[in-house]
Each structure stands twice: as C-alpha cells, then as structure tokens.
Amino acid sequence: MSIFKTALRFIKYDKAKSIGVTSGILISTFLIGQQLGILDYLMALMAAPIDNAKAQIWVADSRTRDANQLAVIDIKKLREVRSVSGVKEAFPLVVSVASATVDKGRTSSITLIGIESPHFNGGPPSDKIIEGRLENLQMDQAICADFFDEKVFEVPIKVGTQMEINGKKAIVAVQTKGVRGFGFGFMYTTIERARYYSNLSPNDLNAILVNVNEGADIDEVVANINATVYGVKAYKTEDLRSSTISTVIGTTGIASSTGTLIIFALIAGFFIIGLTMYSSALDRIKDYGTLKAIGASNNYIRKLILIQAVLFAVIGYMLAFVLLQGFKAGVAGTGLLVNYRLDVLIGIFVVIVTISVIAATFALRRIKGVEPASVFRG
Amino acid sequence: MKEIAKVINVSKVYKTGDTTISALNPSSVSFYAGELVLIIGPSGSGKTTLLSILGCVTYPTGGEVYINGTEVSSLPESQLGKIRLENIGFVFQGYNLIAPLNALQNVMLPLELMNVPAKEAKEKAILALKKVTMEDRMKNLPRALSGGQQQRVAIARALVSNPSLILCDEPTASLDPSSVDIVMGELKSLVSANKCVVIVTHDMRLRPYADRIVYVDNGNVLTEEPKSEYAH
Ligand SMILES: Nc1ncnc2c1ncn2[C@@H]1O[C@H](COP(=O)(O)OP(=O)(O)OP(=O)(O)O)[C@@H](O)[C@H]1O
Ligand SMILES: [Mg+2]
C-alpha cells in the first residue's frame with residue numbers, strides 16, 4: 001500500500017469534507033474557465049474585422065489603433081500602395097457603422113463592410129457562407145447578412161429578406177453564419193454600394209489590404225509602405241490585431257470585470273479548500289498523531305497531506321472540465337462560441353493545483369504542531 | 001538477559017505557564033528481552049510519563065535513555081522517529097488504529113514507513129494478523145471491529161516490524177474480561193519470542209501475567225512494592 005493509496009483512503013473516508021473541497025475546486029475552476037472561455041470568444045469578435053479579411057498587411061489612417069474604428073483615407077493612397085516594391089496586390093475596404101431596419105423587425109446598428117468586386121477580397125470567410133455566393137452581391141441592392149442577426153432584428157434573416165440601411169433599400173442575397181464583430185453584426189456589400197449607403201464619396205476608403213510578393217519579407221514591405229506613402233500607416237496584420245484587442249479591452253472594462261471575477265473565484269476557492277482541508281485534518285488529528293508516534297517522518301506526513309491536496313485538485317479540475325464542455329455545448333446554439341485555449345486550460349490547472357497545495361498548508365501547520373506524545377493522552 | 005531499554009537518573013518536569021509539575025523524579029530502571037513488566041501506580045504518579053520517555057516520544061528533562069544501547073535523549077525528533085519505527089511497537093488504551101485504513105493496511109503501515117516492498121509487507125502483515133487471529137477481519141475498517149478486536153489488530157501492528165520493545169499504556173482498560181485474557185495472552189506470547197513487553201496499568205487483573213513489576217509512586221520509580229493499596 002503506497003502513500004498515494006493511503007492518501008486516497010483518507011479522501012474516501014471523510015466523504016462529506018472531500019466533497020466540500022472538491023466542490024470548492026470545481027466551482028473556482030469552472031468560473032475561471034468560463035470567464036476565460038468567454039473572453040477568448042470576445043477577443044475573437046474584437047479581432048473579427050481583421051481575421052475575416054485575411055490579408056498580410058493593413059494600411060489605414062496613421063492614428064489607427066483599433067480595426068473597428070477606421071478613419072477615412074483617400075483612394076489615391078491605394079494606387080500609391082500598389083506601386084510600393086514587394087506589394088503583390090492591394091485592395092480597398094470601406095468599413096462604416098450604419099443603421100439597419102428590417103421589414104416588420106427592429107432597427108439596429110451594424111458594421112457595413114464594402115468589398116471590391118469581382119474578387120471580393122476582404123469578404124466573409126467562405127466556410128461561413130451558408131447560403132448564396134458572394135457574386136450575388138453584384139445584384140441590385142444586394143447585401144450579405146448573418147444568420148444570428150435574427151436575434152437582433154427579431155425576425156428571421158434569410159436570402160430575400162428586405163431591409164433598409166441608413167434609410168436606403170437593401171435585400172439579403174448572401175447569408176453567413178457566425179460572422180460578427182464585437183458589438184455589431186457584420187453586413188457586407190460591394191464597395192460602391194457601401195459608399196452609397198454610408199454617404200461616402202467615391203474617393204473614400206477606410207483601409208487597404210495588402211498581400212506581398214512570394215518570398216518578400218512582410219516586415220520589409222511594411223517598412224517600404226511607411227517610408228513611401230504619407231498620411232497612412234501600414235501594419236503587419238498581427239500587430240494591428242493585438243493593438244485592436246488591447247484597445248477594445250482597455251476601453252470597455254472587460255479586463256477588469258473578468259479579472260475581478262477570476263480573483264474572487266480564486267480567493268473564495270482558496271478559503272473553501274483551505275478551511276475544509278483544515279477541518280478535515282482536525283477530524284483526523286488523532287490518526288496523524290498516531291502516525292507520528294509510530295515513527296512516520298514529518299516528510300511522510302507532509303506528503304500525505306499534499307498528495308491529498310493534489311488529488312482534490314485533479315478530481316475537481318476534471319469535473320470542472322466536463323462542466324465547461326457542457327457549458328460550451330449549451331451556449332453554442334446561441335452563437336456564443338466559447339473557446340478554451342489549451343494554454344489557458346493548462347494554466348488554470350497549474351493555478352488550481354498551486355492554490356490547493358498552498359491552501360493545504362493551513363492543515364499542514366496544524367498537524368506539524370501535533371506532538372507524538374499526544375497519543376498517550378487519549 | 002539482553003538489556004533492551006534503560007533509563008539512568010531520568011527526570012521530567014512539565015512547565016505550563018507559571019506552574020511546574022515534577023512528573024518524574026530522577027530514576028533509573030532497566031528492561032530486558034524476554035520479560036513482561038508491569039508499571040503500576042496511582043493516577044498521576046508518572047507512569048505514562050515514564051513510558052513515553054521509554055517510547056522516545058517525550059524528551060526527559062534530565063538523565064539518559066538507552067534503547068538497544070543507543071543513547072536517544074540527545075537525538076533530534078527526526079531521528080527519534082526512526083528509532084521508534086525500528087525498535088518499538090506501541091499499544092494504546094484507545095487502540096489508535098488509523099480510521100480510514102482497514103485492519104490489514106493498519107498492520108502494513110509500519111512496514112510501509114520502513115519502505116518494505118508492498119508484497120513482502122502484505123505477507124508479513126497477514127502473518128501478524130494470524131498471530132492475533134484477526135486475519136478473517138483484515139478487510140474491515142476499525143469502526144467495524146469491537147474494542148477487543150481493534151486492540152488485537154493494534155498488537156499485530158506493534159509486532160509486525162519485529163521490534164524488540166513493545167510499550168503498552170493501559171491496553172486493557174477499555175476491554176471486557178474475556179478480551180483482556182485474549183489480549184494479554186497475545187502480549188505474553190511475545191515474551192516467549194524474546195521481546196520485552198512493558199505495560200502501564202491500573203488493572204490488577206494483569207498481575208498474574210507479569211514477570212516483574214515496577215512501581216511508580218508520586219514521581220518515584222520503585223522496584224519494591226510501596227506500602228499502599230496496591231498490595232494484594
Ligand atoms: N503534557 C503535560 N503537560 C503538563 N503536565 C503533564 C503532562 N503530562 C503529564 N502531566 C502531569 O504529570 C503528572 C504525571 O502524569 P502521567 O500522565 O505520567 O500520570 P499517570 O501515572 O500516567 O496517570 P494515569 O494513571 O492517570 O494515566 C501528572 O500530574 C500530570 O498532570
Ligand atoms: Mg497514564
């Protein structure tokens with residue numbers, strides 16, 4: 001019988017308290033995992049304009065920190081960018097916030113994205129198009145809307161649904177599922193029609209998407225653009241992506257609300273785990289005293305307690321993991337695509353084991369104080 | 001006769017707050033292989049104090065303690081644990097079986113602490129349980145056993161690692177007469193295996209089992225019976 005099995009017997013014997021400790025770990029783990037899973041989804045939404053467009057370099061107004069808020073730049077810049085060495089292709093994007101009203105439905109703000117036909121670069125990812133083809137956007141008044149827009153407008157959105165964008169007629173010709181940003185849904189149309197809906201002049205753009213020549217160094221091309229084209233700034237896509245996420249997180253208070261919840265989950269978990277293990281150690285104090293009297297070293301006792309703490313953490317974590325998968329499946333139908341990154345899951349595990357082990361020191365200190373001679377005092 | 005344990009001029013003073021209690025006055029006494037010694041004396045006389053010094057769980061205030069020739073009173077607690085594990089088996093009034101472990105696991109425990117391989121430990125533990133005729137209850141948790149049965153398992157645990165000294169504090173105080181006979185019979189059988197068994201007791205029923213009696217009276221260890229109510 002190894003010390004590991006002995007620890008397991010101690011856990012099994014005090015069922016009520018073991019359930020208490022495990023629940024503490026489970027609740028903390030679940031809350032932390034859930035918060036970070038949702039945050040991951042929100043961050044993906046924040047970065048959606050960038051991720052959907054799939055370009056290597058973004059060129060935008062020089063003050064841009066956030067791809068969700070792009071100032072107007074002049075179409076001349078597009079031609080200038082196209083002539084920079086290393087640039088294979090460059091295409092324009094119009095991105096503006098508009099107001100959409102569906103027949104017999106509600107009015108909502110949307111992010112309207114204008115893409116150039118006939119290549120439709122910068123359009124929605126093709127694997128997310130569930131009905132119609134992007135070519136349909138060339139039809140009169142055609143736009144692309146998302147399946148989950150139904151939630152906002154409170155009427156089903158399908159190919160053929162009529163709506164008004166900034167008071168001008170539009171008709172859904174392509175439908176995506178799960179294409180949306182942080183806050184607003186995304187609707188796509190041709191760049192000309194996007195200018196028309198948003199009252200922009202034919203010379204207005206919001207961003208230029210660039211792909212580099214085969215073998216060209218992206219950083220070098222970024223530097224080339226910045227050196228030769230004035231009044232705009234080129235960003236490596238990854239850089240704009242992270243600055244977008246940090247800008248949105250910084251301005252919305254999401255970081256502090258998620259952070260506060262995680263800290264509270266950790267503190268509450270720590271004390272539930274610590275106090276329950278302490279109280280369980282008190283129940284077993286005679287057994288620990290006997291172990292010492294027989295000749296168990298302090299090291300053995302320490303191991304016995306810490307193995308219990310780690311076992312609690314592993315069991316609680318595994319249960320929470322199952323619960324987190326259930327949560328993910330449960331909310332997926334609503335379009336909330338919770339995602340648990342592997343490094344986040346590993347990080348939570350490490351944190352949970354650590355707080356269990358630290359919490360076990362309450363019990364350890366109490367047991368350390370037990371004199372072996374106490375066994376003779378009944 | 002081989003000397004197993006010896007105390008020389010050993011004394012114990014307990015200090016709690018401003019009060020100091022002299023639990024044991026300087027005393028010397030030896031214990032030998034192949035004898036069952038009773039330590040008898042009134043309540044509060046210092047019997048348990050003497051036993052716990054012999055058992056290396058309490059440091060004496062003065063004097064020397066020898067266990068199988070090693071002077072232990074100057075050793076740190078970390079080494080005393082090892083001395084106890086290898087030389088001494090304990091039997092307590094309250095049985096002190098580890099509640100979450102079944103009889104077999106309790107008996108295996110000292111061997112586990114000595115890093116004996118699991119298979120060998122199990123064989124030895126079953127053998128020890130057979131000696132106290134408890135092998136058919138080895139899968140039971142202590143709470144499923146009667147007091148007498150628990151004490152027999154405790155004896156198996158005390159003898160499984162083959163220690164030369166078995167120390168018992170009131171081992172029969174919570175037992176009915178028939179259990180007393182069984183438990184004492186088992187302890188007595190250890191003597192024929194050349195162990196030294198030392199039993200602290202109030203229980204006059206144990207006298208017939210004794211090879212020798214040590215009296216403790218008001219902190220003094222006496223080899224002669226004092227003029228007191230402890231006479232027959
Ligand atoms: N840890 C301790 N702290 C303070 N005083 C103690 C401690 N242990 C024992 N004493 C005191 O030392 C004296 C001797 O105690 P001891 O337990 O050795 O007596 P005993 O002979 O075993 O008594 P009993 O038959 O009641 O068990 C008593 O006065 C007791 O109160
Ligand atoms: Mg006593």
# chains A, B, ... in the order shown; residues from 1 in each chain; ligands from 1
>>> interface_residues(of="chain B", to="chain A", cutoff="8 Å", atoms="only C-alpha atoms", output="list in words")
Thr48, Ser52, Val57, Thr58, Ser78, Leu80, Gly81, Lys82, Ile83, Arg84, Leu85, Gly89, Phe90, Phe92, Gln93, Gly94, Asn96, Leu97, Ile98, Ala99, Pro100, Leu101, Gln105, Met108, Pro110, Glu112, Leu113, Ala118 and Asp169 of chain B
>>> residues_around(residues="B:Val153", least_positions_apart="6", cutoff="7 Å", atoms="only C-alpha atoms", output="PyMOL selection string")
chain B and resi 103+129+134
>>> residues_near_ligand(ligand="ligand 2", cutoff="9 Å", atoms="only C-alpha atoms and all ligand atoms", output="NGL selection string")
(:A and (376-377)) or (:B and (43-49 or 51 or 169-170 or 200-202))
>>> write_last_selection(atoms="C-alpha atoms", output="CSV table (one decimal), in the first residue's frame")
chain,number,residue,atom,x,y,z
A,376,PHE,CA,-0.8,8.8,25.3
A,377,ARG,CA,-3.2,11.5,26.4
B,43,SER,CA,-3.2,8.0,38.8
B,44,GLY,CA,-1.0,11.0,38.1
B,45,SER,CA,2.0,9.2,39.6
B,46,GLY,CA,4.1,9.5,36.3
B,47,LYS,CA,3.6,6.0,34.7
B,48,THR,CA,2.7,7.4,31.3
B,49,THR,CA,5.5,9.9,31.6
B,51,LEU,CA,6.5,5.1,29.3
B,169,ASP,CA,-0.4,2.1,28.0
B,170,GLU,CA,-3.5,0.7,29.7
B,200,VAL,CA,1.4,0.5,32.2
B,201,THR,CA,-1.8,-0.3,34.0
B,202,HIS,CA,-4.2,0.2,36.9
>>> closest_residue(among="B:Leu167, B:Leu104, B:Leu206, B:Ile21", to="ligand 1", atoms="only C-alpha atoms and all ligand atoms")
B:Ile21
>>> select_by_dssp(residues="stretch 18-152 of chain B", states="helix (DSSP H, G or I)", output="MDAnalysis selection string")
chainID B and resid 47:54 77:87 103:113 118:131 135:137 142:144 147:152
>>> atom_distance(atom1="atom CA of A:Asp40", atom2="atom CA of A:Gly114")
27.0 Å
>>> atom_distance(atom1="atom CA of A:Leu78", atom2="atom CA of A:Arg241")
21.1 Å
>>> select_by_dssp(residues="stretch 231-350 of chain A", states="strand (DSSP E)", output="JSON, numbers by chain")
{"A": [232, 233, 234, 235, 236]}
>>> write_last_selection(atoms="N, CA, C and O atoms", output="PDB file, in the first residue's frame")
ATOM      1  N   VAL A 232      -0.721  57.747 -44.190  1.00  0.00           N
ATOM      2  CA  VAL A 232      -1.325  56.479 -43.768  1.00  0.00           C
ATOM      3  C   VAL A 232      -0.248  55.673 -43.049  1.00  0.00           C
ATOM      4  O   VAL A 232       0.928  56.046 -43.056  1.00  0.00           O
ATOM      5  N   LYS A 233      -0.690  54.588 -42.436  1.00  0.00           N
ATOM      6  CA  LYS A 233       0.296  53.740 -41.763  1.00  0.00           C
ATOM      7  C   LYS A 233       0.029  52.293 -42.129  1.00  0.00           C
ATOM      8  O   LYS A 233      -1.125  51.865 -42.205  1.00  0.00           O
ATOM      9  N   ALA A 234       1.104  51.555 -42.384  1.00  0.00           N
ATOM     10  CA  ALA A 234       0.976  50.129 -42.667  1.00  0.00           C
ATOM     11  C   ALA A 234       1.244  49.333 -41.396  1.00  0.00           C
ATOM     12  O   ALA A 234       2.116  49.701 -40.601  1.00  0.00           O
ATOM     13  N   TYR A 235       0.437  48.310 -41.197  1.00  0.00           N
ATOM     14  CA  TYR A 235       0.581  47.451 -40.018  1.00  0.00           C
ATOM     15  C   TYR A 235       0.694  46.023 -40.484  1.00  0.00           C
ATOM     16  O   TYR A 235      -0.058  45.579 -41.355  1.00  0.00           O
ATOM     17  N   LYS A 236       1.596  45.314 -39.866  1.00  0.00           N
ATOM     18  CA  LYS A 236       1.572  43.867 -40.023  1.00  0.00           C
ATOM     19  C   LYS A 236       0.252  43.426 -39.387  1.00  0.00           C
ATOM     20  O   LYS A 236      -0.120  43.910 -38.308  1.00  0.00           O
TER      21      LYS A 236
END
>>> residues_around(residues="B:Glu120", least_positions_apart="4", cutoff="12 Å", atoms="only C-alpha atoms", output="list in words")
Met1 of chain A; Met108, Leu111, Glu112, Met114, Asn115, Val116, Lys124, Ala125, Ile126, Leu127, Val160 and Ser161 of chain B
>>> residues_around(residues="A:Thr237", least_positions_apart="4", cutoff="6 Å", atoms="only C-alpha atoms", output="list in words")
Gln56, Ile57 and Trp58 of chain A
>>> residues_around(residues="stretch 32-35 of chain B", least_positions_apart="5", cutoff="7 Å", atoms="only C-alpha atoms", output="compact mmCIF listing (two decimals) with all heavy atoms, in the first residue's frame")
# COMPACT_ATOMS: atom_id res chain seq x y z
N MET B 1 20.64 -11.96 30.36
CA MET B 1 19.49 -11.37 29.65
C MET B 1 19.90 -10.09 28.94
O MET B 1 20.61 -9.27 29.50
CB MET B 1 18.37 -11.06 30.65
CG MET B 1 17.31 -12.16 30.67
SD MET B 1 15.84 -11.63 31.53
CE MET B 1 16.48 -11.30 33.17
N LYS B 2 19.44 -9.94 27.74
CA LYS B 2 19.82 -8.78 26.95
C LYS B 2 19.05 -7.54 27.43
O LYS B 2 17.83 -7.59 27.59
CB LYS B 2 19.52 -9.05 25.48
CG LYS B 2 20.14 -8.00 24.58
CD LYS B 2 19.87 -8.30 23.12
CE LYS B 2 20.42 -7.19 22.27
NZ LYS B 2 19.42 -6.50 21.49
N GLU B 3 19.80 -6.47 27.64
CA GLU B 3 19.15 -5.23 28.06
C GLU B 3 18.57 -4.52 26.84
O GLU B 3 19.28 -4.25 25.88
CB GLU B 3 20.18 -4.34 28.74
CG GLU B 3 19.56 -3.16 29.47
CD GLU B 3 20.64 -2.35 30.17
OE1 GLU B 3 21.50 -1.78 29.45
OE2 GLU B 3 20.63 -2.31 31.40
N ILE B 4 17.27 -4.26 26.84
CA ILE B 4 16.62 -3.63 25.69
C ILE B 4 16.51 -2.12 25.90
O ILE B 4 16.83 -1.33 25.02
CB ILE B 4 15.20 -4.21 25.47
CG1 ILE B 4 15.27 -5.73 25.24
CG2 ILE B 4 14.50 -3.50 24.30
CD1 ILE B 4 15.96 -6.15 23.96
N ALA B 5 16.05 -1.74 27.08
CA ALA B 5 15.88 -0.31 27.36
C ALA B 5 16.37 -0.01 28.76
O ALA B 5 16.24 -0.85 29.67
CB ALA B 5 14.41 0.08 27.21
N VAL B 191 6.59 -12.45 24.70
CA VAL B 191 7.72 -12.63 25.60
C VAL B 191 8.48 -13.91 25.26
O VAL B 191 9.71 -13.93 25.25
CB VAL B 191 7.22 -12.66 27.07
CG1 VAL B 191 8.35 -13.03 28.02
CG2 VAL B 191 6.62 -11.31 27.43
N SER B 192 7.73 -14.95 24.93
CA SER B 192 8.42 -16.19 24.56
C SER B 192 9.18 -16.03 23.26
O SER B 192 10.08 -16.81 22.95
CB SER B 192 7.44 -17.36 24.50
OG SER B 192 6.20 -16.94 23.99
N ASN B 194 11.06 -13.65 22.89
CA ASN B 194 12.20 -12.87 23.38
C ASN B 194 12.03 -11.35 23.23
O ASN B 194 13.00 -10.61 23.14
CB ASN B 194 13.50 -13.32 22.72
CG ASN B 194 14.66 -13.25 23.72
OD1 ASN B 194 14.43 -13.42 24.93
ND2 ASN B 194 15.85 -12.96 23.24
N LYS B 195 10.78 -10.89 23.21
CA LYS B 195 10.53 -9.45 23.20
C LYS B 195 10.51 -8.94 24.64
O LYS B 195 10.33 -9.72 25.58
CB LYS B 195 9.16 -9.13 22.59
CG LYS B 195 8.93 -9.75 21.24
CD LYS B 195 9.70 -8.98 20.20
CE LYS B 195 9.59 -9.70 18.86
NZ LYS B 195 10.75 -9.43 18.02
N CYS B 196 10.66 -7.63 24.76
CA CYS B 196 10.44 -7.00 26.05
C CYS B 196 9.12 -6.26 25.99
O CYS B 196 8.94 -5.39 25.14
CB CYS B 196 11.60 -6.04 26.36
SG CYS B 196 11.31 -5.07 27.84
N VAL B 197 8.18 -6.67 26.84
CA VAL B 197 6.85 -6.05 26.82
C VAL B 197 6.67 -5.25 28.10
O VAL B 197 6.81 -5.80 29.20
CB VAL B 197 5.74 -7.11 26.69
CG1 VAL B 197 4.37 -6.44 26.67
CG2 VAL B 197 5.95 -7.95 25.44
N ASP B 211 6.17 -10.80 34.72
CA ASP B 211 7.41 -11.40 35.18
C ASP B 211 8.04 -10.53 36.25
O ASP B 211 8.80 -10.98 37.08
CB ASP B 211 8.40 -11.54 34.01
CG ASP B 211 7.87 -12.49 32.95
OD1 ASP B 211 7.46 -13.61 33.30
OD2 ASP B 211 7.82 -12.09 31.76
>>> residues_around(residues="stretch 79-83 of chain A", least_positions_apart="2", cutoff="12 Å", atoms="only C-alpha atoms", output="PyMOL selection string")
chain A and resi 57-60+74-77+85-92+203+207-213+221-234
>>> closest_residue(among="A:Ser201, A:Ser356, A:Ser28, A:Thr189", to="A:Ile73", atoms="only C-alpha atoms")
A:Ser201
>>> atom_distance(atom1="atom CA of A:Ile305", atom2="atom CA of B:Gln79")
21.4 Å
>>> residues_around(residues="A:Asp140", least_positions_apart="4", cutoff="10 Å", atoms="only C-alpha atoms", output="number ranges by chain")
A: 136, 169-171, 173, 193
>>> closest_residue(among="A:Thr107, A:Ser23, A:Thr361, A:Thr29", to="A:Ile346", atoms="only C-alpha atoms")
A:Thr29
